[in-house]
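**Q** Provided herewith: run.txt, compact mmCIF, C-alpha atoms and all ligand atoms.
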```txt
# COMPACT_ATOMS: atom_id res chain seq x y z
CA MET U 1 206.35 -102.10 13.88
CA GLU U 2 203.82 -100.08 11.94
CA ARG U 3 204.71 -99.69 8.23
CA ILE U 4 206.68 -96.53 7.44
CA LYS U 5 204.17 -93.84 6.45
CA LYS U 6 204.35 -92.95 2.77
CA ASN U 7 203.74 -89.25 3.41
CA LYS U 8 206.22 -88.94 6.28
CA LYS U 9 208.05 -85.61 6.03
CA ASP U 10 211.78 -85.51 6.77
CA PHE U 11 214.49 -82.95 5.98
CA LEU U 12 217.38 -85.03 4.68
CA THR U 13 218.42 -82.91 1.70
CA LEU U 14 217.08 -79.83 -0.10
CA LYS U 15 216.59 -82.12 -3.11
CA ASP U 16 213.39 -83.35 -1.41
CA TYR U 17 211.93 -79.83 -1.12
CA SER U 18 210.28 -77.82 -3.88
CA LYS U 19 210.99 -74.16 -4.65
CA GLU U 20 207.61 -73.28 -3.10
CA GLU U 21 208.43 -75.12 0.13
CA ILE U 22 211.85 -73.45 0.43
CA VAL U 23 210.35 -70.00 -0.16
CA TYR U 24 207.59 -70.80 2.36
CA LEU U 25 210.23 -71.77 4.96
CA ILE U 26 212.35 -68.64 4.53
CA GLU U 27 209.27 -66.40 4.67
CA LEU U 28 208.13 -68.27 7.80
CA ALA U 29 211.59 -67.78 9.37
CA LYS U 30 211.14 -64.02 8.91
CA LYS U 31 207.65 -64.13 10.50
CA ILE U 32 209.00 -66.12 13.46
CA LYS U 33 211.93 -63.73 13.92
CA ASN U 34 209.44 -60.85 14.04
CA ASN U 35 206.98 -62.55 16.41
CA GLU U 36 208.56 -65.38 18.38
CA GLU U 37 205.78 -65.44 21.01
CA LYS U 38 203.17 -66.49 18.42
CA TYR U 39 205.04 -69.73 17.75
CA SER U 40 205.84 -70.67 21.36
CA LYS U 41 203.54 -73.71 21.63
CA ILE U 42 204.02 -75.49 18.29
CA LEU U 43 206.05 -78.31 19.92
CA LYS U 44 203.96 -78.68 23.10
CA ASN U 45 204.17 -82.32 24.30
CA LYS U 46 206.73 -83.17 21.60
CA ASN U 47 209.98 -84.91 22.48
CA ILE U 48 212.72 -84.32 19.94
CA ALA U 49 216.24 -85.73 20.21
CA LEU U 50 219.53 -84.49 18.86
CA LEU U 51 221.85 -87.37 17.92
CA PHE U 52 225.31 -86.01 17.14
CA ASP U 53 228.21 -88.23 16.00
CA LYS U 54 230.37 -85.14 15.32
CA PRO U 55 231.11 -81.92 17.23
CA SER U 56 228.82 -78.91 16.83
CA THR U 57 228.38 -75.50 18.39
CA ARG U 58 225.85 -73.56 16.29
CA THR U 59 223.63 -76.40 15.09
CA ARG U 60 223.37 -78.10 18.44
CA ILE U 61 222.73 -74.95 20.49
CA SER U 62 220.30 -73.39 17.97
CA PHE U 63 218.23 -76.58 17.77
CA GLU U 64 218.21 -77.08 21.53
CA VAL U 65 217.19 -73.47 22.20
CA GLY U 66 214.74 -73.48 19.26
CA ILE U 67 212.95 -76.62 20.44
CA ASN U 68 212.63 -75.16 23.95
CA GLN U 69 211.34 -71.84 22.57
CA LEU U 70 208.71 -73.74 20.56
CA GLY U 71 207.48 -75.42 23.75
CA GLY U 72 209.04 -78.84 23.10
CA ASN U 73 211.33 -81.09 25.10
CA CYS U 74 214.83 -81.63 23.73
CA LEU U 75 217.04 -84.65 24.50
CA VAL U 76 220.71 -84.39 23.58
CA LEU U 77 222.21 -87.79 22.74
CA ASP U 78 225.54 -88.88 21.44
CA SER U 79 226.03 -92.22 19.76
CA LYS U 80 229.00 -93.21 21.96
CA SER U 81 226.88 -93.20 25.11
CA LEU U 82 223.97 -95.05 23.47
CA GLN U 83 224.19 -98.77 22.69
CA MET U 84 225.24 -97.62 19.20
CA GLY U 85 228.66 -97.23 20.82
CA ARG U 86 228.63 -101.02 21.29
CA GLY U 87 227.43 -101.75 17.77
CA GLU U 88 223.62 -101.43 17.82
CA THR U 89 222.72 -100.51 14.26
CA TYR U 90 221.25 -97.22 12.99
CA ALA U 91 218.20 -99.21 11.84
CA ASP U 92 217.54 -100.82 15.22
CA THR U 93 218.19 -97.54 17.05
CA ALA U 94 215.72 -95.77 14.74
CA LYS U 95 213.01 -98.30 15.69
CA ILE U 96 213.58 -97.35 19.35
CA PHE U 97 213.46 -93.63 18.53
CA ASP U 98 210.11 -94.36 16.91
CA VAL U 99 208.72 -95.72 20.17
CA TYR U 100 209.66 -92.78 22.40
CA LEU U 101 210.21 -89.69 20.29
CA ASP U 102 208.42 -87.31 17.93
CA GLY U 103 211.52 -86.42 15.94
CA VAL U 104 215.26 -86.79 15.70
CA ILE U 105 217.89 -84.38 14.44
CA VAL U 106 221.03 -86.19 13.32
CA ARG U 107 224.62 -85.12 12.63
CA THR U 108 226.60 -88.04 11.27
CA PHE U 109 229.22 -89.02 8.71
CA LYS U 110 227.54 -90.92 5.87
CA GLN U 111 224.32 -89.67 4.28
CA GLU U 112 223.22 -93.32 4.18
CA ASN U 113 223.27 -93.45 8.03
CA ILE U 114 220.60 -90.76 8.22
CA GLU U 115 218.64 -92.32 5.36
CA THR U 116 218.68 -95.63 7.25
CA ILE U 117 217.29 -93.88 10.34
CA ALA U 118 214.60 -92.15 8.27
CA SER U 119 213.51 -95.36 6.59
CA ASN U 120 213.19 -97.20 9.91
CA CYS U 121 210.93 -94.82 11.81
CA ASN U 122 207.72 -92.85 11.37
CA ILE U 123 208.96 -89.72 13.13
CA ALA U 124 210.49 -86.72 11.32
CA VAL U 125 214.24 -86.97 10.76
CA ILE U 126 216.30 -83.81 10.17
CA ASN U 127 219.79 -83.72 8.70
CA ALA U 128 222.03 -81.60 10.94
CA LEU U 129 225.05 -82.27 8.64
CA THR U 130 226.48 -85.29 6.89
CA ASP U 131 229.62 -85.55 4.78
CA LEU U 132 227.41 -84.96 1.74
CA TYR U 133 224.91 -82.25 2.76
CA HIS U 134 224.21 -79.49 5.31
CA PRO U 135 220.66 -78.44 4.38
CA CYS U 136 219.88 -76.65 7.69
CA GLN U 137 222.83 -74.31 7.17
CA ILE U 138 221.82 -73.49 3.61
CA LEU U 139 218.14 -72.99 4.48
CA SER U 140 219.32 -70.46 7.05
CA ASP U 141 221.74 -68.79 4.61
CA LEU U 142 218.96 -68.44 2.04
CA PHE U 143 216.89 -66.79 4.77
CA THR U 144 219.77 -64.41 5.58
CA LEU U 145 220.08 -63.39 1.91
CA PHE U 146 216.29 -63.02 1.69
CA GLU U 147 216.19 -60.89 4.84
CA MET U 148 218.88 -58.59 3.36
CA ASN U 149 216.86 -58.20 0.13
CA LEU U 150 219.62 -59.86 -1.87
CA LEU U 151 218.21 -63.29 -2.76
CA PHE U 152 215.76 -62.22 -5.44
CA LYS U 153 217.63 -59.05 -6.51
CA LYS U 154 217.99 -58.59 -10.28
CA ASP U 155 221.44 -59.61 -11.56
CA PHE U 156 222.40 -60.89 -8.10
CA LYS U 157 225.87 -62.46 -8.22
CA PHE U 158 226.66 -65.02 -5.50
CA THR U 159 230.10 -66.63 -5.51
CA TYR U 160 231.37 -69.51 -3.43
CA VAL U 161 235.17 -69.91 -3.33
CA GLY U 162 237.27 -72.69 -1.87
CA ASP U 163 236.83 -76.36 -1.12
CA SER U 164 234.05 -78.52 -2.55
CA ASN U 165 232.18 -80.02 0.37
CA ASN U 166 228.75 -80.55 1.98
CA ILE U 167 228.16 -76.76 2.18
CA LEU U 168 228.84 -76.28 -1.51
CA ASN U 169 226.70 -79.31 -2.42
CA SER U 170 223.74 -77.90 -0.48
CA LEU U 171 224.32 -74.37 -1.83
CA LEU U 172 224.29 -75.71 -5.40
CA ILE U 173 221.06 -77.60 -4.75
CA GLY U 174 219.37 -74.71 -2.90
CA PHE U 175 220.22 -72.07 -5.51
CA THR U 176 219.23 -74.37 -8.35
CA LYS U 177 215.91 -75.20 -6.69
CA LEU U 178 215.19 -71.46 -6.42
CA GLY U 179 216.37 -70.78 -10.00
CA ILE U 180 219.08 -68.35 -8.81
CA ASN U 181 222.50 -68.17 -10.49
CA ILE U 182 225.55 -69.31 -8.56
CA THR U 183 229.25 -69.04 -9.38
CA VAL U 184 231.90 -71.33 -7.90
CA GLY U 185 235.63 -70.63 -7.79
CA CYS U 186 237.42 -73.90 -7.13
CA HIS U 187 240.76 -75.57 -7.79
CA GLU U 188 240.60 -78.21 -10.53
CA LYS U 189 241.57 -80.89 -7.97
CA TYR U 190 238.69 -79.93 -5.67
CA CYS U 191 235.69 -79.46 -7.93
CA PRO U 192 232.09 -80.26 -6.93
CA ASP U 193 230.96 -83.88 -6.73
CA GLU U 194 230.05 -85.34 -10.15
CA ASN U 195 226.70 -86.63 -8.88
CA ILE U 196 225.76 -83.16 -7.63
CA ILE U 197 226.80 -81.60 -10.96
CA SER U 198 224.68 -84.02 -12.95
CA TYR U 199 221.73 -83.45 -10.57
CA ILE U 200 221.91 -79.64 -10.89
CA LYS U 201 222.39 -79.85 -14.66
CA SER U 202 219.15 -81.75 -14.94
CA GLU U 203 217.29 -79.53 -12.41
CA SER U 204 218.56 -76.31 -14.04
CA LYS U 205 216.69 -77.21 -17.23
CA SER U 206 213.42 -76.53 -15.43
CA SER U 207 214.56 -73.99 -12.81
CA GLY U 208 216.45 -71.91 -15.39
CA ASN U 209 219.47 -70.89 -13.29
CA GLU U 210 223.09 -70.80 -14.42
CA VAL U 211 225.82 -72.58 -12.47
CA ASN U 212 229.28 -71.30 -13.41
CA ILE U 213 232.25 -73.29 -12.18
CA LEU U 214 235.56 -71.49 -12.70
CA ASN U 215 239.11 -72.30 -11.65
CA ASP U 216 240.19 -68.64 -11.59
CA PRO U 217 239.18 -67.21 -8.16
CA MET U 218 239.50 -63.56 -9.27
CA LEU U 219 237.21 -64.16 -12.23
CA ALA U 220 234.76 -66.08 -10.04
CA VAL U 221 234.58 -63.24 -7.51
CA LYS U 222 234.54 -60.42 -10.09
CA ASP U 223 231.61 -58.05 -9.40
CA ALA U 224 230.04 -60.44 -6.88
CA ASP U 225 227.42 -59.11 -4.45
CA VAL U 226 228.25 -61.89 -1.98
CA ILE U 227 231.31 -64.08 -1.46
CA TYR U 228 230.94 -67.28 0.61
CA THR U 229 233.58 -69.68 1.83
CA ASP U 230 233.95 -72.59 4.22
CA VAL U 231 236.81 -74.46 5.88
CA TRP U 232 239.25 -76.27 3.59
CA VAL U 233 239.62 -79.30 5.83
CA SER U 234 236.24 -80.74 6.80
CA MET U 235 235.44 -82.56 10.03
CA GLY U 236 236.72 -86.13 10.01
CA ASN U 237 239.26 -85.52 7.21
CA GLU U 238 242.96 -85.48 7.89
CA GLU U 239 244.75 -82.22 7.50
CA SER U 240 246.39 -81.99 4.08
CA THR U 241 249.32 -79.63 3.61
CA GLN U 242 249.15 -80.04 -0.18
CA LYS U 243 245.45 -79.14 -0.20
CA ILE U 244 246.08 -76.02 1.87
CA TYR U 245 248.86 -75.03 -0.55
CA ASP U 246 246.60 -75.66 -3.58
CA LEU U 247 243.73 -73.65 -2.12
CA LYS U 248 245.81 -70.65 -1.05
CA PRO U 249 244.71 -68.55 -4.09
CA TYR U 250 241.08 -69.11 -3.03
CA GLN U 251 241.55 -67.47 0.40
CA ILE U 252 239.16 -64.54 0.94
CA ASN U 253 241.55 -61.73 1.71
CA ARG U 254 241.69 -58.04 0.89
CA ASN U 255 243.08 -58.69 -2.59
CA LEU U 256 240.44 -61.27 -3.61
CA ALA U 257 237.60 -59.28 -2.03
CA SER U 258 238.66 -56.20 -4.02
CA ALA U 259 237.55 -57.98 -7.22
CA ALA U 260 233.95 -58.14 -5.90
CA LYS U 261 231.52 -55.21 -5.80
CA LYS U 262 232.32 -52.47 -3.29
CA ASN U 263 230.96 -53.55 0.12
CA ALA U 264 230.13 -57.06 -1.14
CA LYS U 265 228.85 -59.16 1.74
CA ILE U 266 231.09 -61.90 3.14
CA MET U 267 229.57 -65.19 4.29
CA HIS U 268 231.02 -68.18 6.14
CA CYS U 269 229.01 -70.88 7.90
CA LEU U 270 231.62 -71.11 10.73
CA PRO U 271 233.66 -72.33 12.45
CA ALA U 272 236.37 -70.46 10.53
CA HIS U 273 240.02 -71.31 10.31
CA ARG U 274 241.30 -67.75 10.43
CA GLU U 275 244.15 -66.95 8.01
CA LEU U 276 243.46 -70.15 6.01
CA GLU U 277 240.25 -69.86 3.95
CA ILE U 278 239.62 -66.29 5.17
CA THR U 279 241.69 -63.58 6.84
CA SER U 280 240.62 -62.08 10.15
CA GLU U 281 240.66 -58.69 8.47
CA ILE U 282 237.83 -59.80 6.16
CA LEU U 283 235.97 -62.02 8.66
CA ASP U 284 235.79 -59.15 11.17
CA SER U 285 235.14 -56.42 8.60
CA PRO U 286 231.86 -54.42 8.51
CA ASP U 287 230.90 -56.29 5.29
CA SER U 288 231.04 -59.67 7.04
CA ILE U 289 227.59 -61.09 7.86
CA VAL U 290 228.82 -64.31 9.46
CA TRP U 291 227.39 -63.51 12.89
CA ILE U 292 223.98 -62.75 11.38
CA GLN U 293 224.19 -66.09 9.55
CA ALA U 294 224.88 -67.85 12.86
CA LYS U 295 221.99 -66.07 14.63
CA ASN U 296 219.59 -66.90 11.80
CA ARG U 297 220.17 -70.63 12.24
CA LEU U 298 217.72 -70.35 15.16
CA TYR U 299 214.89 -68.80 13.10
CA ALA U 300 215.33 -70.97 10.01
CA GLN U 301 215.29 -74.13 12.11
CA LYS U 302 212.29 -72.95 14.14
CA ALA U 303 210.55 -72.41 10.79
CA LEU U 304 211.47 -75.92 9.68
CA LEU U 305 210.18 -77.45 12.94
CA THR U 306 207.00 -75.35 12.75
CA TYR U 307 206.43 -76.59 9.19
CA LEU U 308 207.07 -80.23 10.09
CA TYR U 309 204.89 -80.22 13.22
CA SER U 310 201.98 -77.94 12.33
CA ASP U 311 198.76 -79.85 11.55
N1 LIG O 1 227.88 -74.15 10.75
C1 LIG O 1 227.72 -75.17 11.61
O1 LIG O 1 227.06 -76.17 11.29
O2 LIG O 1 228.31 -74.99 12.81
P1 LIG O 1 228.50 -76.11 13.91
O3 LIG O 1 229.42 -77.19 13.31
O4 LIG O 1 229.15 -75.43 15.09
O5 LIG O 1 227.17 -76.70 14.24
```
Rewrite the coordinates I just gave you, this time as structure tokens.
Ligand code: CP
**A**
Amino acid sequence: MERIKKNKKDFLTLKDYSKEEIVYLIELAKKIKNNEEKYSKILKNKNIALLFDKPSTRTRISFEVGINQLGGNCLVLDSKSLQMGRGETYADTAKIFDVYLDGVIVRTFKQENIETIASNCNIAVINALTDLYHPCQILSDLFTLFEMNLLFKKDFKFTYVGDSNNILNSLLIGFTKLGINITVGCHEKYCPDENIISYIKSESKSSGNEVNILNDPMLAVKDADVIYTDVWVSMGNEESTQKIYDLKPYQINRNLASAAKKNAKIMHCLPAHRELEITSEILDSPDSIVWIQAKNRLYAQKALLTYLYSD
């Protein structure tokens, strides 16, 4: 096999992207949303596969539709029906992807699985969620905030409340890359990953943002412009009654939301566990932008594919 190209561009984590690249991508997402026809041939003659080891609704459908709208051919694969189901390794499978495909979009458990794929092929590899990161979701959420003229607003207060997981890790990285402050309200037992904290501490020195991690959810949400949450029990983890009990004060409900600014926007990457991390009253309220977030996955990912495949 040909040596892996040094300048090969993947999308494995937002850590690998500069502030300028992230801003470019969210601006491009807006242009694509406003003029989809202009970008309808970017993936002509390109074959891009989705390899999903975990369930997905939004990511899978938005990528499949997005690839088709960009003129490409999309193959939907799952590891159980490939020889991976009988033990063929990620590395060997990646070498086969390299022979047939122009790109692969992977949802898997360990971040190292996707890194193994990326280091064994010359085609672009996109992270569609691992246990550690969900960069496609956060790229799209940054676009949503940008589109609503919130992202670069003076004194913008963005608060994430709830469990520490791949969404929070990617939010912390994305906001830090852009130099935008972020507040986290989390239980002391479920604080962000130490490696992520040390990474953002070091990045913040140059990007200049503040990351505030508080255990008091009311204080975290106080005067926020946006409150974001995600499920408390992530895919692949066993349900924990104790964890649900511990996180109860972090539920976005009418009482917690009342501490934020009037008409603060409510975000959730979905799927939601209604009445756990968020009440239906709040999720379905006029301030909720969760359905816009879901729709914008399409444009943010089309922007990413356009960036990766434009000459
Ligand atoms: N937010 C998100 O990634 O949704 P899916 O799991 O349905 O793809």
**Q** When you look at Asn120 in chain U with a cut-off of 6 Å (counting only C-alpha atoms), what residues show up, excluding the ones that are within fewer than 5 positions of it in the same chain? I need them as a PDB file with C-alpha atoms, keeping the file's coordinate frame.
**A**
```pdb
ATOM      1  CA  ALA U  91     218.200 -99.210  11.840  1.00  0.00           C
ATOM      2  CA  ALA U  94     215.720 -95.770  14.740  1.00  0.00           C
ATOM      3  CA  LYS U  95     213.010 -98.300  15.690  1.00  0.00           C
TER       4      LYS U  95
END
```
**Q** Determine, for each residue of chain U having at least one atom at most 7 Å from an atom of ligand LIG 1 (chain O), the closest pair of atoms and their separation in Å to one decimal, counting all atoms listed in the file; order by chain and ascending number, as CSV.
**A**
```
residue,atom,partner,partner_atom,distance
U:Pro55,CA,O:LIG1,O3,6.4
U:Ser56,CA,O:LIG1,O5,3.8
U:Thr57,CA,O:LIG1,O4,3.4
U:Arg58,CA,O:LIG1,O5,4.0
U:Thr59,CA,O:LIG1,O5,3.7
U:Arg60,CA,O:LIG1,O5,5.8
U:Leu129,CA,O:LIG1,O1,6.9
U:Gln137,CA,O:LIG1,O1,6.2
U:Cys269,CA,O:LIG1,N1,4.5
U:Leu270,CA,O:LIG1,N1,4.8
U:Pro271,CA,O:LIG1,O2,6.0
```
**Q** What is the distance, in Å and to one decimal place, between CA of Asp16 in chain U and CA of Ile182 in chain U?
**A**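 Taking CA of Asp16 in chain U and CA of Ile182 in chain U, their separation equals 19.9 Å.
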**Q** One decimal, Å: what's the distance from CA of Ile138 in chain U over to CA of Met267 in chain U, could you say?
**A**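 So the two atoms, CA of Ile138 in chain U and CA of Met267 in chain U, lie 11.4 Å apart.
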**Q** Which of these residues is nearest to Leu142 in chain U, using all atoms listed in the file: U:Ala272, U:Ala260, U:Leu75, U:Leu178?
**A** U:Leu178
**Q** Within 8 Å of Ile282 in chain U, counting all atoms listed in the file, which residues qualify if same-chain residues fewer than 2 places away don't, as a PyMOL selection string?
**A** chain U and resi 252-254+266+278-280+284-285+287-288
**Q** Those residues you just picked out, can you put them in a file as an mmCIF file, in the coordinates of the input with C-alpha atoms?
**A**
```
data_model
loop_
_atom_site.group_PDB
_atom_site.id
_atom_site.type_symbol
_atom_site.label_atom_id
_atom_site.label_comp_id
_atom_site.auth_asym_id
_atom_site.auth_seq_id
_atom_site.Cartn_x
_atom_site.Cartn_y
_atom_site.Cartn_z
ATOM 1 C CA ILE U 252 239.160 -64.540 0.940
ATOM 2 C CA ASN U 253 241.550 -61.730 1.710
ATOM 3 C CA ARG U 254 241.690 -58.040 0.890
ATOM 4 C CA ILE U 266 231.090 -61.900 3.140
ATOM 5 C CA ILE U 278 239.620 -66.290 5.170
ATOM 6 C CA THR U 279 241.690 -63.580 6.840
ATOM 7 C CA SER U 280 240.620 -62.080 10.150
ATOM 8 C CA ASP U 284 235.790 -59.150 11.170
ATOM 9 C CA SER U 285 235.140 -56.420 8.600
ATOM 10 C CA ASP U 287 230.900 -56.290 5.290
ATOM 11 C CA SER U 288 231.040 -59.670 7.040
#
```
